[in-house]
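Chemist: First the structure, which I've put down as structure tokens, then a few questions once you've had a look.
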Amino acid sequence: MPGRDDVYQKVMNEGHSAAWDQDWKKAAAAYRKALQEFPDQPKALNSLGLALYQLGELDEALRIYERVAQISIDDPVPLEKVAQISERKGDLNTAIEAAMKASEMFLSQRDVDKAIENWVRVTTLNPDHVMAHSRLAMVHERLAQPQQAATEYLAIASILQRSGKPDKAQELVARSLRLVPQSPEAKQAQTLLRSGQLLPKPVRPKGGTGPINMAKVKQLQEPKTQPASSLDPVMEARQKALTKLAEVLFDYADESPSAQERRGLSAIVKGTGQLSLQQSEQIKVVMHIGQAIDAQTKNQESVASEELEHAIEAGFNHPALYFNLGYLRAKSDRLESAIRNLSHSIKHNDYGLGSRLLLGEILFKKGQVKQAALEYLEALKLADSMTVPAEQADEIRQLYEPIIETQQNQTDDTANRRLCENVSKMLMRRDWRDQAHHTREQMRKTQEGDTLTPLAEVVLQAQSSSVIESINRIHQLARIGSLRSAMDEAYDAVRHAPTYLPLHTLMGDLLIQEGRNPDAIAKFKVVAHAYSVRGEVVQATKLLRRIIQIAPMDLSARARLIDQLIARGQVDDAIKEYLEQADIYYRLAELDMARKTYTTALRLVQQANADRAWNVHILQRMADIDMQRLDWKQALRVYEQIRTLRPDDQGSRKQLIELYMRMGQQTQALAELESFMGYLDSNNKANDSLPFLEDMIKEHEDQIIFQRILAEQLNRLGRKDEAIAKLDALGESLLANGKRTEAKEVINQIMLMNPPNAEDYRQLLIQIG
């Protein structure tokens, strides 16, 4: 049955009227009725797509626009909408493909501005998209916009250089200089190419279609709030979390050379864990974190929460994100979600105290007073250990164990409430550190001697003396060698305090003294796991270190230790443990596992922005393994990365040249050598090139070119006589071996140095013919 024009026009007008009034739901209903009359009418489909987009029904809006694109094959607008919606949904591949098609259509219709807008969208989503940069360069050049065209040519040069096409990169840099002769960026690019260094990666365009308002994020770097020392623990943790998220955002958005080097390692470390996000995932994370921070600056906390959830779904997980999300969920009374997220941030040094206090407050609200009291007591333990001298922190934490053990059996609801209120009153204040110091000072005045007493004594009276007395008896028995009696006493104490973990640790010590190391390790592992579940990362870490000291080859314990160290933010210590683990695999001749472990360590260095020296150290280990496995191509990639990170490293330069020679790529070997000579010259280290070249000649006596390069370098340094003498000896050797062509090249090189006996060399050339 054919459609009715009158009905179609009527409902379309109703839809337009509703859209004018921003009543998108009514507008969508009207447009659907219009499509019942003419299902493939592009105007109705476009109108419905817009209404659905405004309603936030992105999936259906996308399907509508895709349908329009199939019907109106010459209309770029539906494809542009597909790109916009796909970008918002995080489907970056589809967004890029649609934007490229839309650009070409806009260009064919001579709508250059819209074409440029869509190409810019592509380079925003994927800064390494060669075709988009190429089209932008071409259009800007034709529009007599030389600066913009030069920028795009430099971007293409960077991409091509990284894909192994340095000659093309050189051509494009030269073209940029022709367009803008005084361009500092183009001059810098030319210098970098000559010295064999990588060009800066293409810069992601700011603004435009970018989903993140970076200017507002930057404000978090300079917060206008009070300093951390005058905030309560929860707000202090929140400020740290927001700052960390801003740092993460800037790390991905930063286009400085140091940031590019960090991200440049991704080709080597890809696919081995949490931080090896693919580029599309990185862009999703940046988009959601940026929008979350932006929403918080506008007090749109529900929007911020949803964006943080999306960042987690995109594959990003960090304690800062979980704490921030837990805090926001707690404020909006979504208590279960808050508990779930705070459980991920509870182990981190920066967010542990704030997480415990928030959990105590949430559980108190839920009427789970006993559990709330335990959380508040754990928070007090953390606060107490943070306000005593560092050498007393472990001791103070241990003193809380019997107190917590007793509190777990506390059934008096009134006592539990009083504990929650007292701890909250003591800690949830801006001057909580001063308050803790003042309270401890008052306690010291009422005590005899220098006995260390936990602040918990102020808020409750712990009935834990029997456990302490049992531990003292166990120590006395162990000192006199009565290990069996000591163990019996320990078993008896465990019956009264089964969850008092220091007692179980002491039993492990007794097992070691008895020579039962496997049993002791099993005991320590169980206790370490219990500490970890409780959120007692410090104690778990100490026990795992003990296990490794007893059994260095226990890889499972080392893996758990690394997890604990990362959870605490002790990145350097975690990296050291990874290197130890890799070394164990190496000694066991398990080279694949050793390299995989080094790769994981390298990823951790990248994510945590650790000392850049780790990058080179780890990459050198990886390259060594690749060389042993005769995987020269992979070794070449690693050494190239080392060269980029540390261009003055002679070892990596030498290995690169050696690898090129082994692989029969003499041209690349010479280019690498010339690049290193150029680098040394430009950094006033030309004299360092001489011993380097002499070593190369010793190892490659048959390579005449190395001897010629050494002579050239001597001549540059003003040591012409030495240079001529070396070339003269080389020429005689070549003639003696019948290599007349090579000898003539050497003599010509001597002639270029203008020797005093130039006529003799000319006669020699005539004789050689």
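Chain labels follow the order of the structure tokens: the first chain is A, the next B, and so on; residue numbering restarts at 1 in every chain, and ligands are counted from 1 in their shown order.
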Quick one: everything within 6 Å of region 354-370 of chain A, counting only C-alpha atoms, minus sequence neighbours fewer than 4 positions away in the same chain. Send it as a ChimeraX atom specification.
Modeler: /A:233-234,237,342,346,375-376,379,416
Chemist: Would you put the residues from that selection into a file with C-alpha atoms, as a compact mmCIF listing (two decimals), in the first residue's frame?
Modeler:
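Result written to result09.txt:
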# COMPACT_ATOMS: atom_id res chain seq x y z
CA PRO A 233 41.73 12.00 55.80
CA VAL A 234 38.85 11.40 53.39
CA ALA A 237 42.66 11.01 49.90
CA LEU A 342 36.54 1.13 48.18
CA ILE A 346 41.94 -0.02 50.71
CA GLU A 375 36.73 -0.64 60.05
CA TYR A 376 37.10 2.39 62.31
CA ALA A 379 41.50 3.24 60.31
CA ASN A 416 30.58 -0.63 69.25
Chemist: Would you mind listing what lies within 8 Å of Gly15 (chain A) as an NGL selection string, with only C-alpha atoms counted and same-chain residues fewer than 5 positions away left out?
Modeler: :A and (26-31)
Chemist: Quick one: distance from CA of Ala34 (chain A) to CA of Arg63 (chain A) in Å, one decimal?
Modeler: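 The value is 17.3 Å.
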Chemist: Could you tell me how far CA of Asn757 (chain A) lies from CA of Gln707 (chain A), in Å and to one decimal?
Modeler: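 Between CA of Asn757 (chain A) and CA of Gln707 (chain A) the gap is 21.4 Å.
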